[in-house]
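Here the structure comes first, spelled out in structure tokens, and everything after it is commentary.
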Protein chains: 2
Amino acid sequence: MEYGEMCRQELEELRSRLRMEYEEAKSRGLSLDMSRGNPSPSQLRMGQDLLDACPDVDRLFSEDGVDCRNYGCPGGLRELRELFGSIIGVPASNVYIGGVSSLNMMFDTVSRAMLKGLAGSPEPWGRLDEVKFICPVPGYDRHLSILEYFGIEMIPFPLTGEGPDMDEVERIASSDPAVKGMWIVPIYSNPSGDVYSQETLRRIASMETAAPDFTVFCDDAYPLHALYGEYEKPLTLFSECAGAGHPDRAIFFTSFSKVTFAGGSVCCVAGGDRTMELARKWFSVQVITHDKVNQLRHIRVLKDVEGVKERMDRHAAIIRPKFELVEQIFERELGGTGIASWNKPRGGYFIGLRLNCSARRVVSLCADAGVKLTPAGAGFPHGTDPSDGFLRIAPTYPSMEDLERAAELLCICVRLAACEKLLCE
Amino acid sequence: MEYGEMCRQELEELRSRLRMEYEEAKSRGLSLDMSRGNPSPSQLRMGQDLLDACPDVDRLFSEDGVDCRNYGCPGGLRELRELFGSIIGVPASNVYIGGVSSLNMMFDTVSRAMLKGLAGSPEPWGRLDEVKFICPVPGYDRHLSILEYFGIEMIPFPLTGEGPDMDEVERIASSDPAVKGMWIVPIYSNPSGDVYSQETLRRIASMETAAPDFTVFCDDAYPLHALYGEYEKPLTLFSECAGAGHPDRAIFFTSFSKVTFAGGSVCCVAGGDRTMELARKWFSVQVITHDKVNQLRHIRVLKDVEGVKERMDRHAAIIRPKFELVEQIFERELGGTGIASWNKPRGGYFIGLRLNCSARRVVSLCADAGVKLTPAGAGFPHGTDPSDGFLRIAPTYPSMEDLERAAELLCICVRLAACEKLLCE
């Protein structure tokens, strides 16, 4: 029954019953951290082949004869640049391999923009009175933290399911020269699950911008992270940008953090010729070489795009049941109540739960009962969701048993918070 | 015989003979890159134990139970922080483990100073009209490149054998508020081999500075890189600074790049409480976690300071004969000529060769005969040594056979350049 159609007495009775259910759930002594999108131990166990990939210290040479144990080859092994390039749709010559963290590459790119400017910058962003960014919301909280740390103003744009409203994006980008950039997670966006449409990407590539150095920070975090084997095609954004006469419009980031070891894999940055010329200048001063032994392990294990897909199929076999379990519990407990809706992602790491009650209240109730969720508002500028109505659910880490109890608790909390809200109105 | 005492005819005859020797050496078709301080294949082969250290994907947990395969534990494994801390003389709680590159940490710290300021900074350095650094010379070229990249003015200070002239350093640091920092490589300084005396370090720790955020960038790159088993004691600079009421005076950097794999090891940054508070804030936005699997490999293989020393003994057994070979050839070919002098380092990676002729000319002659040396002037601001009289010799990488031929060629080139110079005067 829709909660909105209940009379006061029904709501009060429901609230009492939910309070009892909540206390009972609380007494079970759950202790579960679902705040981040961490792979589960079963997924991490797949990394045995990575540990086995380089057994012999005399055979740590790349196909081109690079000695991976020593300095040199700062941009990374060619074969790995080719693999990354084929995933993100950028020529291997325009791919630079970094360390374990694509976030680090994004942070450094913003840092570089502040200190030196990017391709086409009349001056470093740090010298300007104001710098603004278009931020599709809900977005990845760590993208927003970078902007906040550097004092960049964030303009939130609600996601529609296939990216932000492009009419609005075009209007702002073309009219305000202080708008210097935009975050996008084009495939299985964190946390909404949006997959940007070809049309959206085409418009991002071709739109007029008031700033000559308007830059799309394209975090292609989940390019092959399909739950149902429906792999997205490689991004066409790079070629779209080049075709539209904006070869340096977008900078691309990705990693194998959720392919091999989280925090122990390899990442890359890629972009247009001028972008990479400037980036390489920075890197040439910053670092002598990244970890080529780890690069070698990755290319030996993953081999090519098909190798990555084969591995992602095995990941999906582990995590798909978790997504489906949460969706089933949501359907069973929240379906037809009118108090919540959620997406059914075809890939990525998150389920987005939209609420007609206070997300903060739900997070607080869950925390008191031992389940730590991603903070409400985390995907919004400065951690504040004006509607206080969105939660990011990360189902991958817990066991099925823990996940079931956590999802049930979550539903009790959502229903209780919804009753409380309706009774207060 | 001293070249300076030769008459013109003797010099001309010598030059003719040397030209013939040079042409003969050239015809041998050497092809050797001695420009960087790279470990040799024999040293790198010692890394087999690192490859073997983590064979089992189910046993990638630290002593504290940290799952090294997943996100989390951003500051690095406690046991590795303890090991680094005991080497550089900083409490483990004030050590942050990074990726493979301590240079990256140094670059990021300067970058952070420019964008946000360091402990005690009234404002970010990037907002100031001028920022200056005290640079002991010859120094590490990559330290200087960082300053050049960020437009920081470099004030060169000649090294004396146990650090720079501290009277001068104190005078400049105490009188000019634009002087914000200073590089030091306190042990086996790259490339001069200077070991900073206790008195020098004490004065660096206690001196008055005009800038409230004057910061010593202490690159302790070779703390246990002894060639003769005479290990230096851990640095006392951290405690000296604290004792002098300047707990954030120095920031420390080191890595195991020349202990395990060059560019495939682990590094750290360390400093006072406020320094680390600010650094951790930066890191918390920049990166989720560094590569803890690699951290685990390192702590398992190296274990403790004694373990590192035992390994450095094995490195020394490989590279000490190379240092001694070069010194013998220098003594045989250049001894008593009055045209060159060199240090006999007790550790580190380089021999400093001081010339009474043009270092550039020597580098060029060597290059034409197939031996690439570190560019003349590399250890000086903007790559320019005003006296054009210093060369950094990196003897570790070549085989003994190659090294002998290269050192002999180098001596021919030095002698030839000296003759040329004397004949021009």
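By convention here, the chains of the structure tokens are called A, B, ... in the order presented, each chain's residues are numbered starting at 1, and ligands are numbered starting at 1 in the order presented.
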Using only C-alpha atoms, find each residue of chain A with at least one atom at most 8 Å away from an atom of chain B; report its shortest atom-to-atom pair and that distance in Å (one decimal), sort the rows by chain and rising residue number, and return the result as CSV.
residue,atom,partner,partner_atom,distance
A:Asn38,CA,B:Tyr71,CA,6.8
A:Pro39,CA,B:Asn70,CA,7.2
A:Leu44,CA,B:Arg69,CA,6.5
A:Arg45,CA,B:Val57,CA,5.8
A:Gly47,CA,B:Val57,CA,6.5
A:Gln48,CA,B:Val57,CA,5.1
A:Leu51,CA,B:Pro55,CA,6.1
A:Asp52,CA,B:Pro55,CA,7.0
A:Cys54,CA,B:Leu51,CA,7.0
A:Pro55,CA,B:Leu51,CA,6.1
A:Asp56,CA,B:Gln48,CA,6.8
A:Val57,CA,B:Gln48,CA,5.1
A:Asp58,CA,B:Arg45,CA,6.7
A:Arg69,CA,B:Phe261,CA,5.1
A:Asn70,CA,B:Ala262,CA,4.6
A:Tyr71,CA,B:Ala262,CA,5.5
A:Gly99,CA,B:Gly99,CA,7.3
A:Val100,CA,B:Asp291,CA,6.5
A:Ser101,CA,B:Val287,CA,6.4
A:Leu103,CA,B:Val287,CA,5.8
A:Asn104,CA,B:Gln286,CA,5.0
A:Phe107,CA,B:Gln286,CA,5.4
A:Asp108,CA,B:Gln286,CA,7.6
A:Ser111,CA,B:Ser111,CA,7.9
A:Met114,CA,B:Leu115,CA,7.9
A:Leu115,CA,B:Leu115,CA,7.4
A:Gly126,CA,B:Leu115,CA,8.0
A:Arg142,CA,B:Val285,CA,6.9
A:Ser145,CA,B:Val285,CA,6.3
A:Ile146,CA,B:Val285,CA,5.9
A:Tyr149,CA,B:Val285,CA,7.5
A:Phe261,CA,B:Arg69,CA,5.1
A:Ala262,CA,B:Asn70,CA,4.6
A:Gly263,CA,B:Tyr71,CA,5.5
A:Gly264,CA,B:Asp291,CA,4.6
A:Ser265,CA,B:Asp291,CA,7.7
A:Val285,CA,B:Ile146,CA,5.9
A:Gln286,CA,B:Asn104,CA,5.0
A:Val287,CA,B:Asn104,CA,5.1
A:Ile288,CA,B:Gly263,CA,7.2
A:Thr289,CA,B:Gly263,CA,5.5
A:His290,CA,B:Gly263,CA,5.9
A:Asp291,CA,B:Gly264,CA,4.6
A:Lys292,CA,B:Gly264,CA,6.7
A:Val293,CA,B:Gly264,CA,6.5
A:Asn294,CA,B:Gly264,CA,7.9
So that I have them on file, write out the residues from the current selection with C-alpha atoms, as a compact mmCIF listing (two decimals), in the first residue's frame.
# COMPACT_ATOMS: atom_id res chain seq x y z
CA ASN A 38 34.95 -2.47 -2.22
CA PRO A 39 35.37 -5.76 -4.02
CA LEU A 44 40.12 -10.46 -4.66
CA ARG A 45 40.99 -14.15 -4.55
CA GLY A 47 44.19 -12.17 -8.11
CA GLN A 48 46.19 -15.34 -7.53
CA LEU A 51 50.81 -13.05 -7.95
CA ASP A 52 51.89 -15.91 -10.17
CA CYS A 54 56.08 -12.86 -12.70
CA PRO A 55 57.84 -15.74 -11.02
CA ASP A 56 61.31 -15.27 -12.49
CA VAL A 57 63.45 -12.21 -11.82
CA ASP A 58 65.36 -12.83 -15.04
CA ARG A 69 63.04 -3.93 -12.72
CA ASN A 70 64.93 -0.74 -13.47
CA TYR A 71 64.29 2.93 -14.16
CA GLY A 99 50.65 4.05 -10.55
CA VAL A 100 47.81 2.30 -8.79
CA SER A 101 45.35 5.17 -8.60
CA LEU A 103 42.06 9.23 -8.66
CA ASN A 104 45.67 10.32 -8.14
CA PHE A 107 43.83 15.02 -8.64
CA ASP A 108 47.18 15.73 -10.27
CA SER A 111 46.45 20.39 -9.50
CA MET A 114 45.65 25.21 -11.04
CA LEU A 115 49.43 25.63 -11.19
CA GLY A 126 44.94 29.24 -9.78
CA ARG A 142 35.91 11.94 -4.48
CA SER A 145 36.32 16.49 -2.89
CA ILE A 146 39.09 17.40 -5.33
CA TYR A 149 39.96 21.07 -1.85
CA PHE A 261 43.49 -5.71 -6.71
CA ALA A 262 41.71 -2.60 -5.42
CA GLY A 263 44.52 -0.17 -4.81
CA GLY A 264 47.11 -2.57 -6.21
CA SER A 265 46.51 -2.36 -9.93
CA VAL A 285 59.59 16.36 -13.40
CA GLN A 286 57.37 14.44 -10.97
CA VAL A 287 58.45 10.86 -11.37
CA ILE A 288 61.21 8.76 -12.95
CA THR A 289 59.13 5.68 -13.65
CA HIS A 290 56.01 4.01 -12.35
CA ASP A 291 55.93 0.38 -11.25
CA LYS A 292 56.64 -1.55 -14.44
CA VAL A 293 56.80 -4.90 -12.66
CA ASN A 294 53.16 -4.43 -11.76
message = I'd like the contact shell of A:Asp141 - 10 Å cut-off, only C-alpha atoms, skipping same-chain residues fewer than 4 positions apart - returned as a list in words.
response =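 Neighbouring residues, sequence-local ones excluded: Val137, Ser145, Ile146, Asn190, Pro191, Thr374, Pro375, Gly377, Ala378, Gly379, Phe380, Pro381, His382 and Gly383 of chain A.
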Go ahead and save the residues from that selection, with C-alpha atoms, as an mmCIF file, in the first residue's frame.
data_model
loop_
_atom_site.group_PDB
_atom_site.id
_atom_site.type_symbol
_atom_site.label_atom_id
_atom_site.label_comp_id
_atom_site.auth_asym_id
_atom_site.auth_seq_id
_atom_site.Cartn_x
_atom_site.Cartn_y
_atom_site.Cartn_z
ATOM 1 C CA VAL A 137 24.769 14.697 -9.473
ATOM 2 C CA SER A 145 36.316 16.490 -2.894
ATOM 3 C CA ILE A 146 39.088 17.396 -5.334
ATOM 4 C CA ASN A 190 28.963 6.160 -9.879
ATOM 5 C CA PRO A 191 26.510 6.091 -8.151
ATOM 6 C CA THR A 374 27.817 5.928 2.332
ATOM 7 C CA PRO A 375 26.955 9.254 3.997
ATOM 8 C CA GLY A 377 24.720 13.708 0.357
ATOM 9 C CA ALA A 378 28.152 12.261 -0.432
ATOM 10 C CA GLY A 379 27.535 12.518 -4.177
ATOM 11 C CA PHE A 380 26.613 16.199 -3.975
ATOM 12 C CA PRO A 381 28.751 19.356 -3.724
ATOM 13 C CA HIS A 382 30.089 19.859 -0.192
ATOM 14 C CA GLY A 383 28.353 16.638 0.849
#
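Residues with any atom within 12 Å of A:Arg17, counting only C-alpha atoms and excluding same-chain neighbours fewer than 5 positions away, are Glu10, Leu11, Glu12, Tyr22, Glu23, Glu24, Ile412, Cys413, Arg415, Leu416 and Cys419 of chain A.
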request  = Write out as a VMD selection string all residues of stretch 25-199 of chain A that DSSP puts in alpha helix (DSSP H) for this structure's backbone.
outcome  = chain A and resid 25 to 27 41 to 45 48 to 52 78 to 88 102 to 116 141 to 149 166 to 175 198 to 199
task = Enumerate the residues of stretch 130-230 of chain B with a DSSP assignment of strand (DSSP E or B), computed from the backbone, and present them as a count of residues only.
result = 26
message = Applying 12 Å and only C-alpha atoms, which residues near A:Thr200 remain after dropping the ones on its own chain fewer than 5 positions away? List them as a VMD selection string.
response = chain A and resid 159 to 170 184 186 194 to 195 205 to 207 236 to 237 240
Excluding A:Gly347 and any residue of its chain fewer than 3 positions from it, enumerate the residues within 9 Å of it, using only C-alpha atoms, and give them as a CSV table (one decimal) with C-alpha atoms, in the first residue's frame.
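This is the output file selection_30.csv:
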chain,number,residue,atom,x,y,z
A,187,ILE,CA,29.6,4.1,-18.3
A,188,TYR,CA,27.7,2.8,-15.2
A,193,GLY,CA,24.3,3.9,-13.0
A,222,TYR,CA,33.7,1.0,-15.2
A,224,LEU,CA,33.9,-3.3,-18.8
A,225,HIS,CA,32.2,-3.7,-15.5
A,226,ALA,CA,29.1,-5.3,-16.9
A,227,LEU,CA,26.9,-7.4,-14.7
A,228,TYR,CA,25.1,-9.2,-17.5
A,229,GLY,CA,27.8,-9.6,-20.1
A,230,GLU,CA,26.5,-6.7,-22.2
A,231,TYR,CA,29.8,-4.9,-22.7
A,316,ALA,CA,30.0,-10.5,-12.4
A,320,ARG,CA,25.5,-10.0,-9.8
A,344,LYS,CA,18.6,-1.8,-11.6
A,350,PHE,CA,26.3,0.8,-7.0
ask   = Which residues come within 10 Å of A:Gly4, counting only C-alpha atoms, excluding same-chain residues fewer than 6 positions away, as a VMD selection string?
value = chain A and resid 11 337 to 339 418 to 419 422
query = Smallest atom-to-atom distance to A:Pro212: which of A:Asp248, A:Glu327, A:Glu401, A:Glu277, using only C-alpha atoms?
reply =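 Of A:Asp248, A:Glu327, A:Glu401, A:Glu277, the one nearest A:Pro212 is A:Asp248, counting only C-alpha atoms.
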